[in-house]
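Here the structure comes first, spelled out in structure tokens, and everything after it is commentary.
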Amino acid sequence: MKFFRQTLLKAIALSISFSVAYAQKKDEKKTEPVKADTTKKAAPAAPVAKPDAAKTGPKPYKEVITDKAKTMKGLMTVHKLDDKWFFEIADTLLGRDIMTVTRYSKTAAGGGIFGGEEVNRQVVKWEKGPDNKIFLRSITTVIASPDSTKPMFQAVKNSSADPIIAVFDIKAFKKDTSSVIEVTDLFKGDNQVFSLSSIDKQFLKLTAIQPDKSYIQHIRSYPINTEIRTVKTFGVIPPTISLAPIPQIGQYLPAGRDAGVVTMEFNTSMIILPKVPMRKRFFDARVGYFANQYSVFGEESQSSETDVFAVRWRLEPKSKEDAERQKRGELIEPKKPIVYYIDPATPEKWRKYLKMGVDDWQKAFEKAGWKNAIRGEYWDEKHTTKSLEDARFSAIRYFAADIQNAYGPNVHDPRSGEILESH
């Protein structure tokens, strides 16, 4: 046995020696000196530009928005080209405050949520960024300073930076007066401003959006607002199995348990706020108004003050003559009356009573000097381009809820308390 091991070891050693020697001979053949090439070499070719280099940056307008595009003019001019959506944003719109209101259009059953309910509300603004970019910022008013010409205003501005919620490449310019950007991913995706918040998802046991099952249904633009209708499908948190009862936050939607996904329809209104906010009226707890507030830093003040102001409708005379008539005690009609539309989903036998209930408030407004200041109207279902989710319209909605209940109150301009609409 010992002789066999020794013989085996010698054989392995000889094999290794032979392999090394053979490898060295191969290397020697590879490293033989190469004869110098005396032939004339061709000049090196000029460097070729990268394929993407010519594609970066804005292109001519006609190359981006071609004749095939379907266009609708309004607050933001909207272009649809194949499955892509573009906004044409005028330079005059940059920096303007825009209220965004997102509502459910259709919901999954069984979760205590209903089509027509508000999902999210924020003020945003478009802004030019570096390197041919457009930023979309969300504005949160917590502190303010009244005089933009004073140093205190800059101090407040330095302590209230608005977050950038989306960035867009400028695809083209139009006559140096507007910028074209693609917004497909913004509205098709899961940006919180135009979708569910993380809290909403936790409550409904939902996970991330599923892009292949989500799409933009349509975008329509009007003089003071742009309406975006989307369909979004979300994954569902897998249920856990436990023998012991575990406290649960939120609830599963029946559709989510059955299918493993939940599909909802949303409508987002982007409505421009007045360039000059309505004059505020200070809140008095003795009068039954809702109120809004934020901290104000004045140039001469030693500390911040809380500005609490009433949330109210903007009722204005049509002319100076009407204003003088009202001062003399005459009733006048407002420039823009308050109109509540009756949801066509309301059973017919109740509709007239809801309208009468709104009209009854005319007597109260007459005591304040206004004639025909408020009225109820039936929604005209023939107008297919109008929607009750549109932030221009106030409505009394009828929900298929198990609980007999009513609630509101309104969507208002956070700068002034002006009510924009109420559901």
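As shown in the structure tokens, the chain order sets the letters A, B, ...; within each chain, residues go from 1, and ligands are also counted from 1 in the order they appear.
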Next on the checklist: Please extract the residues of range 36-176 of chain A with a backbone DSSP assignment of helix (DSSP H, G or I) and present them as a PyMOL selection string.
Outcome noted: chain A and resi 53-55+61-64+91-93+151-158
Writer output for current selection, N, CA and C atoms, as a short mmCIF file (atom, residue, chain, number, x, y, z; two decimals), in the first residue's frame:
data_model
loop_
_atom_site.label_atom_id
_atom_site.label_comp_id
_atom_site.auth_asym_id
_atom_site.auth_seq_id
_atom_site.Cartn_x
_atom_site.Cartn_y
_atom_site.Cartn_z
N ALA A 53 -26.15 62.19 -28.31
CA ALA A 53 -25.73 63.56 -28.11
C ALA A 53 -26.64 64.54 -28.83
N ALA A 54 -27.09 64.17 -30.03
CA ALA A 54 -27.93 65.08 -30.81
C ALA A 54 -29.37 65.11 -30.32
N LYS A 55 -29.74 64.18 -29.46
CA LYS A 55 -31.13 64.07 -29.03
C LYS A 55 -31.41 64.86 -27.76
N TYR A 61 -40.59 72.81 -32.08
CA TYR A 61 -41.95 72.54 -31.63
C TYR A 61 -42.66 71.53 -32.53
N LYS A 62 -42.53 71.69 -33.85
CA LYS A 62 -43.22 70.83 -34.80
C LYS A 62 -42.73 69.38 -34.77
N GLU A 63 -41.50 69.17 -34.28
CA GLU A 63 -40.99 67.80 -34.18
C GLU A 63 -41.58 67.07 -32.97
N VAL A 64 -41.99 67.83 -31.97
CA VAL A 64 -42.55 67.22 -30.75
C VAL A 64 -44.08 67.15 -30.85
N ASP A 91 -45.52 80.85 -20.02
CA ASP A 91 -44.62 81.50 -19.06
C ASP A 91 -45.40 82.32 -18.04
N THR A 92 -46.56 82.85 -18.44
CA THR A 92 -47.39 83.63 -17.52
C THR A 92 -47.98 82.77 -16.40
N LEU A 93 -47.96 81.44 -16.58
CA LEU A 93 -48.50 80.53 -15.57
C LEU A 93 -47.44 80.12 -14.54
N PRO A 151 -36.92 92.68 4.84
CA PRO A 151 -36.02 91.55 5.11
C PRO A 151 -36.70 90.37 5.80
N MET A 152 -37.71 90.66 6.62
CA MET A 152 -38.41 89.57 7.32
C MET A 152 -39.03 88.58 6.33
N PHE A 153 -39.51 89.09 5.19
CA PHE A 153 -40.11 88.24 4.17
C PHE A 153 -39.09 87.19 3.70
N GLN A 154 -37.84 87.63 3.48
CA GLN A 154 -36.80 86.71 3.05
C GLN A 154 -36.47 85.69 4.13
N ALA A 155 -36.49 86.12 5.40
CA ALA A 155 -36.23 85.20 6.51
C ALA A 155 -37.28 84.10 6.57
N VAL A 156 -38.55 84.48 6.36
CA VAL A 156 -39.64 83.50 6.35
C VAL A 156 -39.49 82.57 5.16
N LYS A 157 -39.13 83.13 4.00
CA LYS A 157 -38.95 82.33 2.79
C LYS A 157 -37.84 81.30 2.97
N ASN A 158 -36.77 81.70 3.68
CA ASN A 158 -35.64 80.79 3.91
C ASN A 158 -36.02 79.63 4.83
#
Identify, on the basis of only C-alpha atoms, every residue whose closest approach to Lys68 in chain A does not exceed 10 Å; exclude the query and any residue fewer than 4 positions from it along the same chain; express the result as a PDB file with N, CA and C atoms, in the first residue's frame.
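Result written to around.pdb:
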ATOM      1  N   HIS A  79     -51.959  68.311 -25.164  1.00  0.00           N
ATOM      2  CA  HIS A  79     -51.754  67.600 -26.427  1.00  0.00           C
ATOM      3  C   HIS A  79     -51.714  66.101 -26.150  1.00  0.00           C
ATOM      4  N   LYS A  80     -52.397  65.316 -26.976  1.00  0.00           N
ATOM      5  CA  LYS A  80     -52.314  63.859 -26.904  1.00  0.00           C
ATOM      6  C   LYS A  80     -51.738  63.348 -28.219  1.00  0.00           C
ATOM      7  N   LEU A  81     -50.657  62.600 -28.108  1.00  0.00           N
ATOM      8  CA  LEU A  81     -49.986  62.051 -29.282  1.00  0.00           C
ATOM      9  C   LEU A  81     -49.761  60.564 -29.040  1.00  0.00           C
ATOM     10  N   ASP A  82     -50.531  59.731 -29.735  1.00  0.00           N
ATOM     11  CA  ASP A  82     -50.523  58.282 -29.485  1.00  0.00           C
ATOM     12  C   ASP A  82     -50.914  58.036 -28.032  1.00  0.00           C
TER      13      ASP A  82
END
List every residue of range 340-423 of chain A that has an atom at most 12 Å from any atom of range 292-312 of chain A, and for each one report the closest atom pair and its distance in Å to one decimal, counting only C-alpha atoms, with rows sorted by chain and then by increasing residue number, as JSON lines.
{"residue": "A:Pro409", "atom": "CA", "partner": "A:Val311", "partner_atom": "CA", "distance": 10.2}
{"residue": "A:Asn410", "atom": "CA", "partner": "A:Val311", "partner_atom": "CA", "distance": 9.0}
{"residue": "A:Val411", "atom": "CA", "partner": "A:Val311", "partner_atom": "CA", "distance": 9.5}
{"residue": "A:His412", "atom": "CA", "partner": "A:Val311", "partner_atom": "CA", "distance": 7.2}
{"residue": "A:Asp413", "atom": "CA", "partner": "A:Val311", "partner_atom": "CA", "distance": 8.6}
{"residue": "A:Pro414", "atom": "CA", "partner": "A:Asn292", "partner_atom": "CA", "distance": 7.1}
{"residue": "A:Arg415", "atom": "CA", "partner": "A:Asn292", "partner_atom": "CA", "distance": 8.8}
{"residue": "A:Ser416", "atom": "CA", "partner": "A:Phe309", "partner_atom": "CA", "distance": 7.5}
{"residue": "A:Gly417", "atom": "CA", "partner": "A:Val311", "partner_atom": "CA", "distance": 4.2}
{"residue": "A:Glu418", "atom": "CA", "partner": "A:Arg312", "partner_atom": "CA", "distance": 5.4}
{"residue": "A:Ile419", "atom": "CA", "partner": "A:Arg312", "partner_atom": "CA", "distance": 5.5}
{"residue": "A:Leu420", "atom": "CA", "partner": "A:Arg312", "partner_atom": "CA", "distance": 9.2}
{"residue": "A:Glu421", "atom": "CA", "partner": "A:Arg312", "partner_atom": "CA", "distance": 10.5}
{"residue": "A:Ser422", "atom": "CA", "partner": "A:Arg312", "partner_atom": "CA", "distance": 10.9}
Write the residues of the selection above to a file with N, CA, C and O atoms, as a PDB file, in the first residue's frame.
ATOM      1  N   PRO A 409     -66.712  70.011   4.591  1.00  0.00           N
ATOM      2  CA  PRO A 409     -67.502  71.195   4.295  1.00  0.00           C
ATOM      3  C   PRO A 409     -67.180  71.831   2.940  1.00  0.00           C
ATOM      4  O   PRO A 409     -68.076  72.111   2.173  1.00  0.00           O
ATOM      5  N   ASN A 410     -65.874  72.062   2.593  1.00  0.00           N
ATOM      6  CA  ASN A 410     -65.589  72.840   1.395  1.00  0.00           C
ATOM      7  C   ASN A 410     -64.122  72.723   0.987  1.00  0.00           C
ATOM      8  O   ASN A 410     -63.289  72.197   1.732  1.00  0.00           O
ATOM      9  N   VAL A 411     -63.830  73.252  -0.206  1.00  0.00           N
ATOM     10  CA  VAL A 411     -62.453  73.444  -0.664  1.00  0.00           C
ATOM     11  C   VAL A 411     -62.243  74.947  -0.765  1.00  0.00           C
ATOM     12  O   VAL A 411     -63.020  75.641  -1.430  1.00  0.00           O
ATOM     13  N   HIS A 412     -61.213  75.471  -0.082  1.00  0.00           N
ATOM     14  CA  HIS A 412     -61.032  76.925  -0.055  1.00  0.00           C
ATOM     15  C   HIS A 412     -59.580  77.307  -0.309  1.00  0.00           C
ATOM     16  O   HIS A 412     -58.664  76.496  -0.179  1.00  0.00           O
ATOM     17  N   ASP A 413     -59.401  78.554  -0.679  1.00  0.00           N
ATOM     18  CA  ASP A 413     -58.082  79.127  -0.904  1.00  0.00           C
ATOM     19  C   ASP A 413     -57.407  79.309   0.454  1.00  0.00           C
ATOM     20  O   ASP A 413     -57.888  80.092   1.291  1.00  0.00           O
ATOM     21  N   PRO A 414     -56.297  78.613   0.720  1.00  0.00           N
ATOM     22  CA  PRO A 414     -55.674  78.703   2.050  1.00  0.00           C
ATOM     23  C   PRO A 414     -55.071  80.073   2.340  1.00  0.00           C
ATOM     24  O   PRO A 414     -54.796  80.387   3.499  1.00  0.00           O
ATOM     25  N   ARG A 415     -54.910  80.899   1.323  1.00  0.00           N
ATOM     26  CA  ARG A 415     -54.340  82.222   1.521  1.00  0.00           C
ATOM     27  C   ARG A 415     -55.341  83.219   2.073  1.00  0.00           C
ATOM     28  O   ARG A 415     -54.971  84.166   2.768  1.00  0.00           O
ATOM     29  N   SER A 416     -56.633  83.001   1.727  1.00  0.00           N
ATOM     30  CA  SER A 416     -57.645  84.012   2.058  1.00  0.00           C
ATOM     31  C   SER A 416     -58.888  83.455   2.721  1.00  0.00           C
ATOM     32  O   SER A 416     -59.661  84.227   3.320  1.00  0.00           O
ATOM     33  N   GLY A 417     -59.115  82.146   2.601  1.00  0.00           N
ATOM     34  CA  GLY A 417     -60.359  81.562   3.126  1.00  0.00           C
ATOM     35  C   GLY A 417     -61.495  81.561   2.142  1.00  0.00           C
ATOM     36  O   GLY A 417     -62.617  81.179   2.488  1.00  0.00           O
ATOM     37  N   GLU A 418     -61.240  81.988   0.888  1.00  0.00           N
ATOM     38  CA  GLU A 418     -62.304  82.006  -0.118  1.00  0.00           C
ATOM     39  C   GLU A 418     -62.723  80.584  -0.475  1.00  0.00           C
ATOM     40  O   GLU A 418     -61.902  79.770  -0.874  1.00  0.00           O
ATOM     41  N   ILE A 419     -64.009  80.273  -0.334  1.00  0.00           N
ATOM     42  CA  ILE A 419     -64.521  78.956  -0.704  1.00  0.00           C
ATOM     43  C   ILE A 419     -64.568  78.857  -2.212  1.00  0.00           C
ATOM     44  O   ILE A 419     -65.162  79.691  -2.895  1.00  0.00           O
ATOM     45  N   LEU A 420     -63.941  77.811  -2.753  1.00  0.00           N
ATOM     46  CA  LEU A 420     -63.928  77.585  -4.199  1.00  0.00           C
ATOM     47  C   LEU A 420     -65.072  76.671  -4.620  1.00  0.00           C
ATOM     48  O   LEU A 420     -65.683  76.872  -5.660  1.00  0.00           O
ATOM     49  N   GLU A 421     -65.329  75.661  -3.815  1.00  0.00           N
ATOM     50  CA  GLU A 421     -66.460  74.761  -4.069  1.00  0.00           C
ATOM     51  C   GLU A 421     -66.751  73.961  -2.822  1.00  0.00           C
ATOM     52  O   GLU A 421     -65.939  73.899  -1.910  1.00  0.00           O
ATOM     53  N   SER A 422     -67.932  73.378  -2.791  1.00  0.00           N
ATOM     54  CA  SER A 422     -68.343  72.611  -1.625  1.00  0.00           C
ATOM     55  C   SER A 422     -69.104  71.373  -2.085  1.00  0.00           C
ATOM     56  O   SER A 422     -69.924  71.449  -2.995  1.00  0.00           O
TER      57      SER A 422
END
### Query
Contacts of range 398-402 of chain A at 10 Å or less, counting only C-alpha atoms, minus same-chain residues fewer than 6 places along, as a PyMOL selection string?
chain A and resi 109-110+112-117+342-347
Dump of all heavy atoms for the selected residues, as a tab-separated table (two decimals), in the first residue's frame:
chain	number	residue	atom	x	y	z
A	109	ALA	N	-66.03	48.48	-3.65
A	109	ALA	CA	-67.09	48.43	-2.64
A	109	ALA	C	-66.57	47.88	-1.32
A	109	ALA	O	-65.58	47.15	-1.27
A	109	ALA	CB	-68.24	47.56	-3.15
A	110	GLY	N	-67.26	48.28	-0.26
A	110	GLY	CA	-67.04	47.66	1.04
A	110	GLY	C	-65.97	48.29	1.90
A	110	GLY	O	-65.66	47.76	2.96
A	112	GLY	N	-66.05	51.69	2.89
A	112	GLY	CA	-66.50	52.94	3.49
A	112	GLY	C	-66.02	54.16	2.73
A	112	GLY	O	-66.00	55.26	3.27
A	113	ILE	N	-65.63	53.99	1.47
A	113	ILE	CA	-65.24	55.10	0.61
A	113	ILE	C	-66.16	55.11	-0.60
A	113	ILE	O	-66.64	54.05	-1.04
A	113	ILE	CB	-63.76	55.00	0.17
A	113	ILE	CG1	-63.48	53.64	-0.47
A	113	ILE	CG2	-62.84	55.24	1.34
A	113	ILE	CD1	-62.08	53.49	-1.03
A	114	PHE	N	-66.42	56.31	-1.16
A	114	PHE	CA	-67.45	56.43	-2.18
A	114	PHE	C	-66.99	57.34	-3.31
A	114	PHE	O	-66.21	58.29	-3.11
A	114	PHE	CB	-68.74	56.99	-1.56
A	114	PHE	CG	-69.20	56.21	-0.36
A	114	PHE	CD1	-68.90	56.65	0.92
A	114	PHE	CD2	-69.91	55.04	-0.51
A	114	PHE	CE1	-69.30	55.93	2.03
A	114	PHE	CE2	-70.32	54.31	0.59
A	114	PHE	CZ	-70.02	54.74	1.87
A	115	GLY	N	-67.48	57.05	-4.52
A	115	GLY	CA	-67.19	57.89	-5.66
A	115	GLY	C	-67.71	59.29	-5.44
A	115	GLY	O	-68.89	59.49	-5.15
A	116	GLY	N	-66.83	60.28	-5.57
A	116	GLY	CA	-67.18	61.67	-5.30
A	116	GLY	C	-66.49	62.23	-4.09
A	116	GLY	O	-66.38	63.45	-3.94
A	117	GLU	N	-65.98	61.36	-3.21
A	117	GLU	CA	-65.29	61.85	-2.01
A	117	GLU	C	-63.90	62.39	-2.34
A	117	GLU	O	-63.24	61.92	-3.25
A	117	GLU	CB	-65.16	60.73	-0.97
A	117	GLU	CG	-66.46	60.42	-0.26
A	117	GLU	CD	-66.25	59.50	0.93
A	117	GLU	OE1	-65.76	58.37	0.72
A	117	GLU	OE2	-66.55	59.91	2.06
A	342	ILE	N	-77.54	69.21	-7.83
A	342	ILE	CA	-78.07	67.99	-7.20
A	342	ILE	C	-77.54	66.80	-7.98
A	342	ILE	O	-77.73	66.70	-9.20
A	342	ILE	CB	-79.61	67.99	-7.20
A	342	ILE	CG1	-80.16	69.31	-6.63
A	342	ILE	CG2	-80.12	66.79	-6.41
A	342	ILE	CD1	-79.68	69.66	-5.24
A	343	ASP	N	-76.87	65.91	-7.30
A	343	ASP	CA	-76.27	64.72	-7.91
A	343	ASP	C	-77.36	63.92	-8.64
A	343	ASP	O	-78.37	63.55	-8.05
A	343	ASP	CB	-75.65	63.88	-6.80
A	343	ASP	CG	-74.82	62.71	-7.31
A	343	ASP	OD1	-74.89	62.42	-8.53
A	343	ASP	OD2	-74.09	62.10	-6.51
A	344	PRO	N	-77.16	63.62	-9.94
A	344	PRO	CA	-78.16	62.82	-10.66
A	344	PRO	C	-78.26	61.39	-10.14
A	344	PRO	O	-79.20	60.67	-10.51
A	344	PRO	CB	-77.66	62.85	-12.11
A	344	PRO	CG	-76.21	63.18	-12.02
A	344	PRO	CD	-76.05	64.04	-10.82
A	345	ALA	N	-77.32	60.97	-9.30
A	345	ALA	CA	-77.42	59.64	-8.68
A	345	ALA	C	-78.43	59.64	-7.53
A	345	ALA	O	-78.71	58.59	-6.95
A	345	ALA	CB	-76.05	59.19	-8.16
A	346	THR	N	-78.97	60.81	-7.18
A	346	THR	CA	-79.98	60.91	-6.11
A	346	THR	C	-81.31	60.33	-6.60
A	346	THR	O	-81.74	60.64	-7.72
A	346	THR	CB	-80.19	62.38	-5.73
A	346	THR	OG1	-78.94	62.96	-5.39
A	346	THR	CG2	-81.14	62.51	-4.55
A	347	PRO	N	-81.97	59.49	-5.81
A	347	PRO	CA	-83.30	59.01	-6.22
A	347	PRO	C	-84.22	60.19	-6.56
A	347	PRO	O	-84.22	61.22	-5.88
A	347	PRO	CB	-83.79	58.26	-4.97
A	347	PRO	CG	-82.53	57.79	-4.31
A	347	PRO	CD	-81.52	58.88	-4.55
Q.
Among range 72-192 of chain A, which residues does DSSP mark as strand (DSSP E) when it is run on the backbone? Keep the chain and numbering as in the structure and answer as a count of residues only.
A. 57
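Restricting the calculation to only C-alpha atoms, the smallest distance between Ser387 in chain A and any of A:Pro60, A:Asp162, A:Gly329, A:Asn267 is found for A:Asn267.
The space separating CA of Ser179 in chain A from CA of Pro58 in chain A comes to 9.4 Å.
In this comparison, which uses only C-alpha atoms, the residue of A:Trp379, A:Phe168, A:Phe173, A:Tyr289 approaching Ala90 in chain A most closely is A:Phe173.
Across the structure, CA of Ala161 in chain A and CA of Glu227 in chain A are spaced 27.4 Å apart.
Computed from the coordinates, the CA of Thr56 in chain A to CA of Asp131 in chain A distance equals 10.6 Å.
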Exercise for the section: Within 9 Å of Ile165 in chain A, counting only C-alpha atoms, which residues show up once you throw out same-chain ones fewer than 3 positions away? Write them as a ChimeraX atom specification, please. Expected result: /A:135-138,191-193
Using only C-alpha atoms, the best pick from A:Val276, A:Ile228, A:Val119, A:Met270 as closest to Lys201 in chain A would be A:Val119
